[in-house]
Amino acid sequence: MMLASAFTALAQPNSKQYQLEEMVVTGQFEENSLSKSVYKVKLIDAKQIKQQGAFNLQQVLSKELNIRIFQDPLLGSNIQLQGVGGNNIKILVDGVPIIGREAGNIDLSQINLNNVERIEMVEGPMSVNFGSDALGGVINIISKKNLIKGQTHALNTYYESIGQYNLDLNSNFGLKNNQSIQVYGGRNFFEGYAVNPEDRVKLWKPRTQYNTGINFTKKFKQGSLKLNNYAFYEKLSNRGLAEVDWTKASAQDQYYFTKRLSSTLLYERSLQNSSNLNMVIGMNYYARTMETYLKDLVSLQETLIPSQETQHTSELNNLMSRGTYAKKYKKHLGFQLGYECNLDWAHGSKFNGTQFLGEYSVFGSVEYRVNEKLVFRPGMRTGINTQFGMPLIPSLHMKYDFSDAVSLRANIAKGYRAPGMKELYLQFADINHNIQGNLNLKPEQSVNAQVLLSILKNESKNTIKLEPSVFVNHIENMIGLAKSGNANNVSFMYINLNQFDNMGFNLNTDFTISDFKLGLGYAYIGNRSIFNQQSNAAYYFNNELKLQSSYLFKKPGISLNLYAKYNGKFQTYIYQADKAESSIGFVDPFTILDLTASKTFFNEKLSLTCGFKNLLNYTNVNANMQNGPHQTGSNSAMMGMGRSVFCNLKYTFDN
Amino acid sequence: MGMLSHRNSKWLGLLFIGCFLIFISCEKAEKPYQLPQKPDAKLQVAQINLGEKYTEQVYVNLFDSMPIKASIACAAWDLSFEAKTNGFRIFMNGGNDVKIAKTHNLDFQKINKPELYSYGWDEASGGDSIFLFNWCNADGYGADSVYLVDRGLVSNNEERYVQLKLLRVDANGYAIQIANLDGSKMQSLSILKDNSKEQILVKLNPANVEQLNIEPASNNWQLCFLKYRWIYYEFNPPLFYHVTGIFINNSALEVAVDSIHSFDDINFNSLSNYTFSSKRDIIGYDWKIYDFSNGKYWARKYVTYILATKESPKKYYKLRFTDFYSTTGLKGSPKFEWLPLY
């Protein structure tokens, strides 16, 4: 019945749009509505994040279509977007890249969402706009804006029965002269998870995270200046297996300490003649230290093991600046010119001192509206990399509006990724491992094409949206680890391993019928890797299904939300570095199913979200994804911590 | 802040109590363990420190209250010569990557490209599976070739390659000559046998050729902890790998391996089930296993080694490894326990 009425609404012409337009900034000349954007931008707003009971990026993205999250017990979670992952997904906060990749990935569980307004995602290469690392896509996290007037304070608590305890505070002070300061801080504590809670060794490692920040904003008549400062600290405990006999009881425990610091200065100004200026200067610091202790389990005393092999520190730094100038000429023509400078440097025993890597580029794009229906946006980027020549990176995006309700987006874009610090300079050798960077690596290059049809219809409180899309992706010189050296001195080195191809079909649908919302999605993505010029490699296809629905019970004011995602059997090629050959790795199917309810009290001062996570009680699933020089074959992949109950309580008070 | 109603205040109070509880949450403190009782009064234990990088070679006498009888740096020797009067075998130090090639020259000549020669190696099991097994004729004369010795992990490239001429072996010793890669600085060396020992170690450093009388008398050791070479033939070319393990003194011991029955369950009555071996690497290196996930070695406590002495009457012992880490947590310190079977 409800679906029928939604289709009835779709059939009616001249229906008015009652919903507020959702605004995005990623890849735009200026803040732009989602429907008008030439790029297809996926949006997850703060309300959706809250309704999910999510507090970090991993939890939010794990429910999205086209995204696979994998978990490493020590390195954390990592992402594949449209089948492309690792170093090729650029994650930004307000346009500033997050640094600190371990094994090519940023641990998504270290990206806290307490101070986030929305998450914007663009699938496919965004190298023209965001340079290296954006070959597979971009995830841009937009921070909450400071309130210019009055004061607002929020106290947020979260408890989950798997042993998660979070607390954060946020205060916003409006000052004189259109100035404001926001101060926030929080602590997330996770006590670790093992199938048997008494086990000393936890499959999901205990971690304590602290994050704090102070943001200053000054608004001008035509723009604003923001200074954001952020600090993050995490302690992850990896308790070792107890060794007990009649002579001793001890264990080797490792602690991983991660520090992240960032300072960002953002300046935006609207100029006369429909032009605007945006500039950001960012500085990032990342350090990860591993310490290993011998713990006497009788006296419970810990002693640092005096070995260089069991203690490591690596430090990464990034200094960046990005600026754009955009101008519109009447309705038909607009352009954007920009520059981006990135200077990275790494320090530590793994890098043999201090190493530098710079990338300096200019980019531009033109938006040409042929008529009311058709708009083209060609773009180009070029520059210099201190290690590599940077080719011209072109892109062409177009959008055709058949009507107010139906539009077609298509794009073809080249992607580029210069090898990163670790791929170039890592010198990590101990008695068991020998992993070497490689200064002779070539940059990865890609071509991506996508076509997306959007059908959107609003009628009163009913909405229907259908979005089928297809894409193809071709990446050359994919970088990976391979055996090198001679038989007497086995080592592993980053090399340009293979060609990677993937293609996929997506169908996203959203229905809103009065107070009921239903989102259904299906993805069918195939990938293949070609190693050693063997061009007959077959594609392996994976299925994904997504269901997100919510219903607002008006009288009690309770929103009931259901999130489900089916991840079909995942198969992919893995390069067995020790044998110089490829094999097929897999992860068996599993489904994430969460049920949550949220309600506000006292004029929305107090908000409560609670519910169940992982209702189907998944923990590990069968898998075979071994790779690299220091991983053995594993028969399972960590996909969940079993069924849990959570409760999120937030109290906001203002003046 | 605006006025709070009574109900509001209660909510806020509860919220702050909740916050406090959340803030003080932390990892649960562990309860201290209690050590189990020593399972058998006659159980003996020893731990041998080979160095974190396994640099030491250590000879052990299990039946002595001071089990460590001698030690030498693994890299201190290149070749070992059988010490018994009837011995003639010459072994390489695989742990130091020593390899030998036949030059097919009858005399020392200048060698320009040593890397182009075809080098041979010894199997870990030793015995007859060694490169220099048939180097001499029945009269003890070796005349077929000058050998080129790659001394392996030698930092100084000039000292890495040595030409070796094996002249003869008899009941008293060996006569050898060495020369530099260019054929110069020929030296002669007599290696004296010692019938009470198993091996005579020799260092072939061209600047300082040495006979090292380190090894204890054959009746004074049973196990030698050392670094040696294991070859994975499933790779092409074969993969040479350095392993840290144990060679037995096969004049004193033979060994059976049981990974089915637990250490505690093995007793004197079990002995008839075992097949004993005198291969020098019968204990070998795989009494420990590397756990890649945790970056740590584990002793395979479920593997028991049954030791049979070669004296008469035979004595039997069961032995297992329990650790590979020192009391400070450094690797390279095998710990093992053993018990007589009677």
# chains A, B, ... in the order shown; residues from 1 in each chain; ligands from 1
call {"tool": "interface_residues", "arguments": {"of": "chain B", "to": "chain A", "cutoff": "6 Å", "atoms": "only C-alpha atoms", "output": "list in words"}}
result
Met1, Ile22, Glu27, Pro32, Tyr33, Leu35, Pro36, Gln37, Lys38, Leu239, Phe240, Phe292 and Gly329 of chain B
call {"tool": "write_last_selection", "arguments": {"atoms": "N, CA and C atoms", "output": "PDB file, in the first residue's frame"}}
result
ATOM      1  N   MET B   1      22.686  28.906  32.265  1.00  0.00           N
ATOM      2  CA  MET B   1      21.844  27.751  31.976  1.00  0.00           C
ATOM      3  C   MET B   1      20.436  28.036  32.490  1.00  0.00           C
ATOM      4  N   ILE B  22      31.219   5.714  33.558  1.00  0.00           N
ATOM      5  CA  ILE B  22      31.864   5.507  32.261  1.00  0.00           C
ATOM      6  C   ILE B  22      33.304   5.996  32.300  1.00  0.00           C
ATOM      7  N   GLU B  27      40.594  -1.216  32.032  1.00  0.00           N
ATOM      8  CA  GLU B  27      40.849  -2.643  31.898  1.00  0.00           C
ATOM      9  C   GLU B  27      40.832  -3.318  33.258  1.00  0.00           C
ATOM     10  N   PRO B  32      46.456 -12.648  40.210  1.00  0.00           N
ATOM     11  CA  PRO B  32      47.762 -13.334  40.128  1.00  0.00           C
ATOM     12  C   PRO B  32      47.579 -14.838  39.915  1.00  0.00           C
ATOM     13  N   TYR B  33      48.486 -15.399  39.147  1.00  0.00           N
ATOM     14  CA  TYR B  33      48.472 -16.842  38.918  1.00  0.00           C
ATOM     15  C   TYR B  33      49.198 -17.528  40.074  1.00  0.00           C
ATOM     16  N   LEU B  35      51.674 -20.832  40.671  1.00  0.00           N
ATOM     17  CA  LEU B  35      52.446 -21.815  39.917  1.00  0.00           C
ATOM     18  C   LEU B  35      52.021 -23.226  40.294  1.00  0.00           C
ATOM     19  N   PRO B  36      51.899 -24.083  39.295  1.00  0.00           N
ATOM     20  CA  PRO B  36      51.599 -25.477  39.634  1.00  0.00           C
ATOM     21  C   PRO B  36      52.790 -26.138  40.332  1.00  0.00           C
ATOM     22  N   GLN B  37      52.507 -27.224  41.008  1.00  0.00           N
ATOM     23  CA  GLN B  37      53.566 -27.975  41.700  1.00  0.00           C
ATOM     24  C   GLN B  37      54.514 -28.589  40.674  1.00  0.00           C
ATOM     25  N   LYS B  38      55.761 -28.764  41.080  1.00  0.00           N
ATOM     26  CA  LYS B  38      56.698 -29.497  40.233  1.00  0.00           C
ATOM     27  C   LYS B  38      56.151 -30.918  40.062  1.00  0.00           C
ATOM     28  N   LEU B 239      65.433 -22.790  -1.466  1.00  0.00           N
ATOM     29  CA  LEU B 239      65.533 -21.670  -0.529  1.00  0.00           C
ATOM     30  C   LEU B 239      66.386 -22.088   0.658  1.00  0.00           C
ATOM     31  N   PHE B 240      67.493 -21.371   0.858  1.00  0.00           N
ATOM     32  CA  PHE B 240      68.362 -21.644   2.015  1.00  0.00           C
ATOM     33  C   PHE B 240      67.853 -20.819   3.184  1.00  0.00           C
ATOM     34  N   PHE B 292      53.152 -16.114  13.604  1.00  0.00           N
ATOM     35  CA  PHE B 292      53.216 -14.862  12.843  1.00  0.00           C
ATOM     36  C   PHE B 292      52.224 -13.822  13.364  1.00  0.00           C
ATOM     37  N   GLY B 329      62.805 -11.899  28.699  1.00  0.00           N
ATOM     38  CA  GLY B 329      61.916 -11.831  27.540  1.00  0.00           C
ATOM     39  C   GLY B 329      62.628 -11.816  26.201  1.00  0.00           C
TER      40      GLY B 329
END
call {"tool": "select_by_dssp", "arguments": {"residues": "region 115-152 of chain A", "states": "strand (DSSP E)", "output": "list of chain:residue names"}}
result
A:Val116, A:Glu117, A:Arg118, A:Ile119, A:Glu120, A:Met121, A:Val122, A:Glu123, A:Gly137, A:Val138, A:Ile139, A:Asn140, A:Ile141, A:Ile142, A:Ser143, A:Gln151, A:Thr152
call {"tool": "write_last_selection", "arguments": {"atoms": "C-alpha atoms", "output": "PDB file, in the first residue's frame"}}
result
ATOM      1  CA  VAL A 116      30.827  15.582  12.866  1.00  0.00           C
ATOM      2  CA  GLU A 117      28.067  17.256  10.919  1.00  0.00           C
ATOM      3  CA  ARG A 118      28.079  14.898   7.963  1.00  0.00           C
ATOM      4  CA  ILE A 119      30.176  12.506   5.898  1.00  0.00           C
ATOM      5  CA  GLU A 120      30.474  13.014   2.150  1.00  0.00           C
ATOM      6  CA  MET A 121      31.702  10.227  -0.112  1.00  0.00           C
ATOM      7  CA  VAL A 122      32.623  10.243  -3.760  1.00  0.00           C
ATOM      8  CA  GLU A 123      33.284   6.889  -5.399  1.00  0.00           C
ATOM      9  CA  GLY A 137      37.514   7.597  -3.952  1.00  0.00           C
ATOM     10  CA  VAL A 138      37.252  10.247  -1.282  1.00  0.00           C
ATOM     11  CA  ILE A 139      35.608  10.299   2.122  1.00  0.00           C
ATOM     12  CA  ASN A 140      35.332  13.840   3.430  1.00  0.00           C
ATOM     13  CA  ILE A 141      34.261  14.315   7.040  1.00  0.00           C
ATOM     14  CA  ILE A 142      32.673  17.694   7.664  1.00  0.00           C
ATOM     15  CA  SER A 143      32.988  19.028  11.216  1.00  0.00           C
ATOM     16  CA  GLN A 151      26.447  29.033  24.584  1.00  0.00           C
ATOM     17  CA  THR A 152      25.742  25.377  24.042  1.00  0.00           C
TER      18      THR A 152
END
call {"tool": "closest_residue", "arguments": {"among": "B:Val255, B:Met92, B:Ile72, B:Ala41", "to": "Arg229 (chain B)", "atoms": "only C-alpha atoms"}}
result
B:Met92
call {"tool": "select_by_dssp", "arguments": {"residues": "region 268-340 of chain B", "states": "helix (DSSP H, G or I)", "output": "number ranges by chain"}}
result
B: 268-273
call {"tool": "write_last_selection", "arguments": {"atoms": "C-alpha atoms", "output": "compact mmCIF listing (two decimals), in the first residue's frame"}}
result
# COMPACT_ATOMS: atom_id res chain seq x y z
CA PHE B 268 59.45 -46.81 30.27
CA ASN B 269 56.77 -49.10 28.90
CA SER B 270 56.31 -46.82 25.94
CA LEU B 271 59.84 -47.39 24.66
CA SER B 272 59.00 -50.40 22.52
CA ASN B 273 56.83 -48.14 20.35
call {"tool": "residues_around", "arguments": {"residues": "Pro468 (chain A)", "least_positions_apart": "6", "cutoff": "6 Å", "atoms": "only C-alpha atoms", "output": "list of chain:residue names"}}
result
A:Leu452, A:Leu453, A:Asn506, A:Leu507
call {"tool": "residues_around", "arguments": {"residues": "Ala194 (chain A)", "least_positions_apart": "6", "cutoff": "8 Å", "atoms": "only C-alpha atoms", "output": "PyMOL selection string"}}
result
chain A and resi 201-204+641
call {"tool": "write_last_selection", "arguments": {"atoms": "N, CA and C atoms", "output": "short mmCIF file (atom, residue, chain, number, x, y, z; two decimals), in the first residue's frame"}}
result
data_model
loop_
_atom_site.label_atom_id
_atom_site.label_comp_id
_atom_site.auth_asym_id
_atom_site.auth_seq_id
_atom_site.Cartn_x
_atom_site.Cartn_y
_atom_site.Cartn_z
N VAL A 201 43.87 -13.45 25.99
CA VAL A 201 44.09 -12.90 24.65
C VAL A 201 42.74 -12.51 24.06
N LYS A 202 42.62 -11.25 23.74
CA LYS A 202 41.35 -10.76 23.17
C LYS A 202 41.49 -10.71 21.65
N LEU A 203 40.45 -11.18 21.00
CA LEU A 203 40.43 -11.12 19.54
C LEU A 203 40.33 -9.66 19.09
N TRP A 204 39.41 -8.94 19.68
CA TRP A 204 39.30 -7.48 19.46
C TRP A 204 40.00 -6.85 20.66
N MET A 641 31.50 -8.76 17.04
CA MET A 641 31.78 -9.15 18.41
C MET A 641 30.54 -9.77 19.05
#
call {"tool": "residues_around", "arguments": {"residues": "region 210-226 of chain A", "least_positions_apart": "2", "cutoff": "8 Å", "atoms": "only C-alpha atoms", "output": "number ranges by chain"}}
result
A: 146, 177-188, 208, 228-234, 264-271
call {"tool": "write_last_selection", "arguments": {"atoms": "C-alpha atoms", "output": "mmCIF file, in the first residue's frame"}}
result
data_model
loop_
_atom_site.group_PDB
_atom_site.id
_atom_site.type_symbol
_atom_site.label_atom_id
_atom_site.label_comp_id
_atom_site.auth_asym_id
_atom_site.auth_seq_id
_atom_site.Cartn_x
_atom_site.Cartn_y
_atom_site.Cartn_z
ATOM 1 C CA ASN A 146 30.520 26.650 15.609
ATOM 2 C CA ASN A 177 32.398 40.355 16.923
ATOM 3 C CA ASN A 178 31.024 37.205 15.301
ATOM 4 C CA GLN A 179 33.600 35.030 16.925
ATOM 5 C CA SER A 180 33.143 31.703 18.636
ATOM 6 C CA ILE A 181 35.105 28.987 20.315
ATOM 7 C CA GLN A 182 34.265 25.335 20.484
ATOM 8 C CA VAL A 183 35.992 23.060 22.966
ATOM 9 C CA TYR A 184 35.447 19.339 23.074
ATOM 10 C CA GLY A 185 36.977 16.241 24.468
ATOM 11 C CA GLY A 186 36.132 12.644 25.029
ATOM 12 C CA ARG A 187 37.233 9.252 26.136
ATOM 13 C CA ASN A 188 36.266 5.993 24.464
ATOM 14 C CA THR A 208 41.376 3.479 25.249
ATOM 15 C CA ASN A 228 40.757 23.900 14.213
ATOM 16 C CA ASN A 229 43.110 22.007 16.490
ATOM 17 C CA TYR A 230 42.710 18.344 17.260
ATOM 18 C CA ALA A 231 44.590 15.788 19.319
ATOM 19 C CA PHE A 232 44.053 12.074 19.553
ATOM 20 C CA TYR A 233 45.707 9.439 21.687
ATOM 21 C CA GLU A 234 45.073 5.730 21.731
ATOM 22 C CA THR A 264 43.959 23.414 10.292
ATOM 23 C CA LEU A 265 43.427 26.982 9.181
ATOM 24 C CA LEU A 266 40.475 27.423 6.835
ATOM 25 C CA TYR A 267 39.627 30.632 5.084
ATOM 26 C CA GLU A 268 36.660 31.125 2.812
ATOM 27 C CA ARG A 269 35.408 34.289 1.247
ATOM 28 C CA SER A 270 32.743 35.163 -1.236
ATOM 29 C CA LEU A 271 34.000 37.839 -3.584
#
call {"tool": "residues_around", "arguments": {"residues": "region 305-314 of chain B", "least_positions_apart": "3", "cutoff": "8 Å", "atoms": "only C-alpha atoms", "output": "list of chain:residue names"}}
result
B:Ser251, B:Ala252, B:Leu253, B:Glu254, B:Val255, B:Ala256, B:Val257, B:Asp258, B:Phe276, B:Ile283, B:Tyr317, B:Lys318, B:Leu319, B:Arg320
call {"tool": "residues_around", "arguments": {"residues": "Asn543 (chain A)", "least_positions_apart": "2", "cutoff": "10 Å", "atoms": "only C-alpha atoms", "output": "PyMOL selection string"}}
result
chain A and resi 65-66+504-506+522-526+541+545+566-570+589
call {"tool": "atom_distance", "arguments": {"atom1": "CA of Ile289 (chain B)", "atom2": "CA of Thr327 (chain B)"}}
result
19.1 Å
call {"tool": "closest_atom_pairs", "arguments": {"of": "region 73-169 of chain A", "to": "region 339-360 of chain A", "cutoff": "10 Å", "atoms": "only C-alpha atoms", "output": "JSON lines"}}
result
{"residue": "A:Pro97", "atom": "CA", "partner": "A:Asn342", "partner_atom": "CA", "distance": 9.8}
{"residue": "A:Ile99", "atom": "CA", "partner": "A:Asp344", "partner_atom": "CA", "distance": 9.4}
{"residue": "A:Asn129", "atom": "CA", "partner": "A:Glu340", "partner_atom": "CA", "distance": 9.1}
{"residue": "A:Phe130", "atom": "CA", "partner": "A:Glu340", "partner_atom": "CA", "distance": 8.1}
{"residue": "A:Gly131", "atom": "CA", "partner": "A:Glu340", "partner_atom": "CA", "distance": 8.0}
{"residue": "A:Ser132", "atom": "CA", "partner": "A:Glu359", "partner_atom": "CA", "distance": 8.5}
call {"tool": "write_last_selection", "arguments": {"atoms": "C-alpha atoms", "output": "CSV table (one decimal), in the first residue's frame"}}
result
chain,number,residue,atom,x,y,z
A,97,PRO,CA,43.9,14.5,4.6
A,99,ILE,CA,47.7,10.7,7.6
A,129,ASN,CA,40.5,17.6,-7.0
A,130,PHE,CA,42.4,15.8,-4.3
A,131,GLY,CA,45.6,14.5,-5.9
A,132,SER,CA,47.4,11.4,-4.8
call {"tool": "closest_residue", "arguments": {"among": "A:Leu424, A:Leu147, A:Ser161, A:Asp94", "to": "Phe173 (chain A)", "atoms": "only C-alpha atoms"}}
result
A:Leu147
call {"tool": "closest_residue", "arguments": {"among": "B:Ile68, B:Leu212, B:Val169, B:Ile48", "to": "Ile200 (chain B)", "atoms": "only C-alpha atoms"}}
result
B:Leu212
call {"tool": "atom_distance", "arguments": {"atom1": "CA of Gln209 (chain A)", "atom2": "CA of Tyr256 (chain A)"}}
result
11.6 Å
call {"tool": "atom_distance", "arguments": {"atom1": "CA of Leu135 (chain A)", "atom2": "CA of Asp501 (chain A)"}}
result
13.1 Å
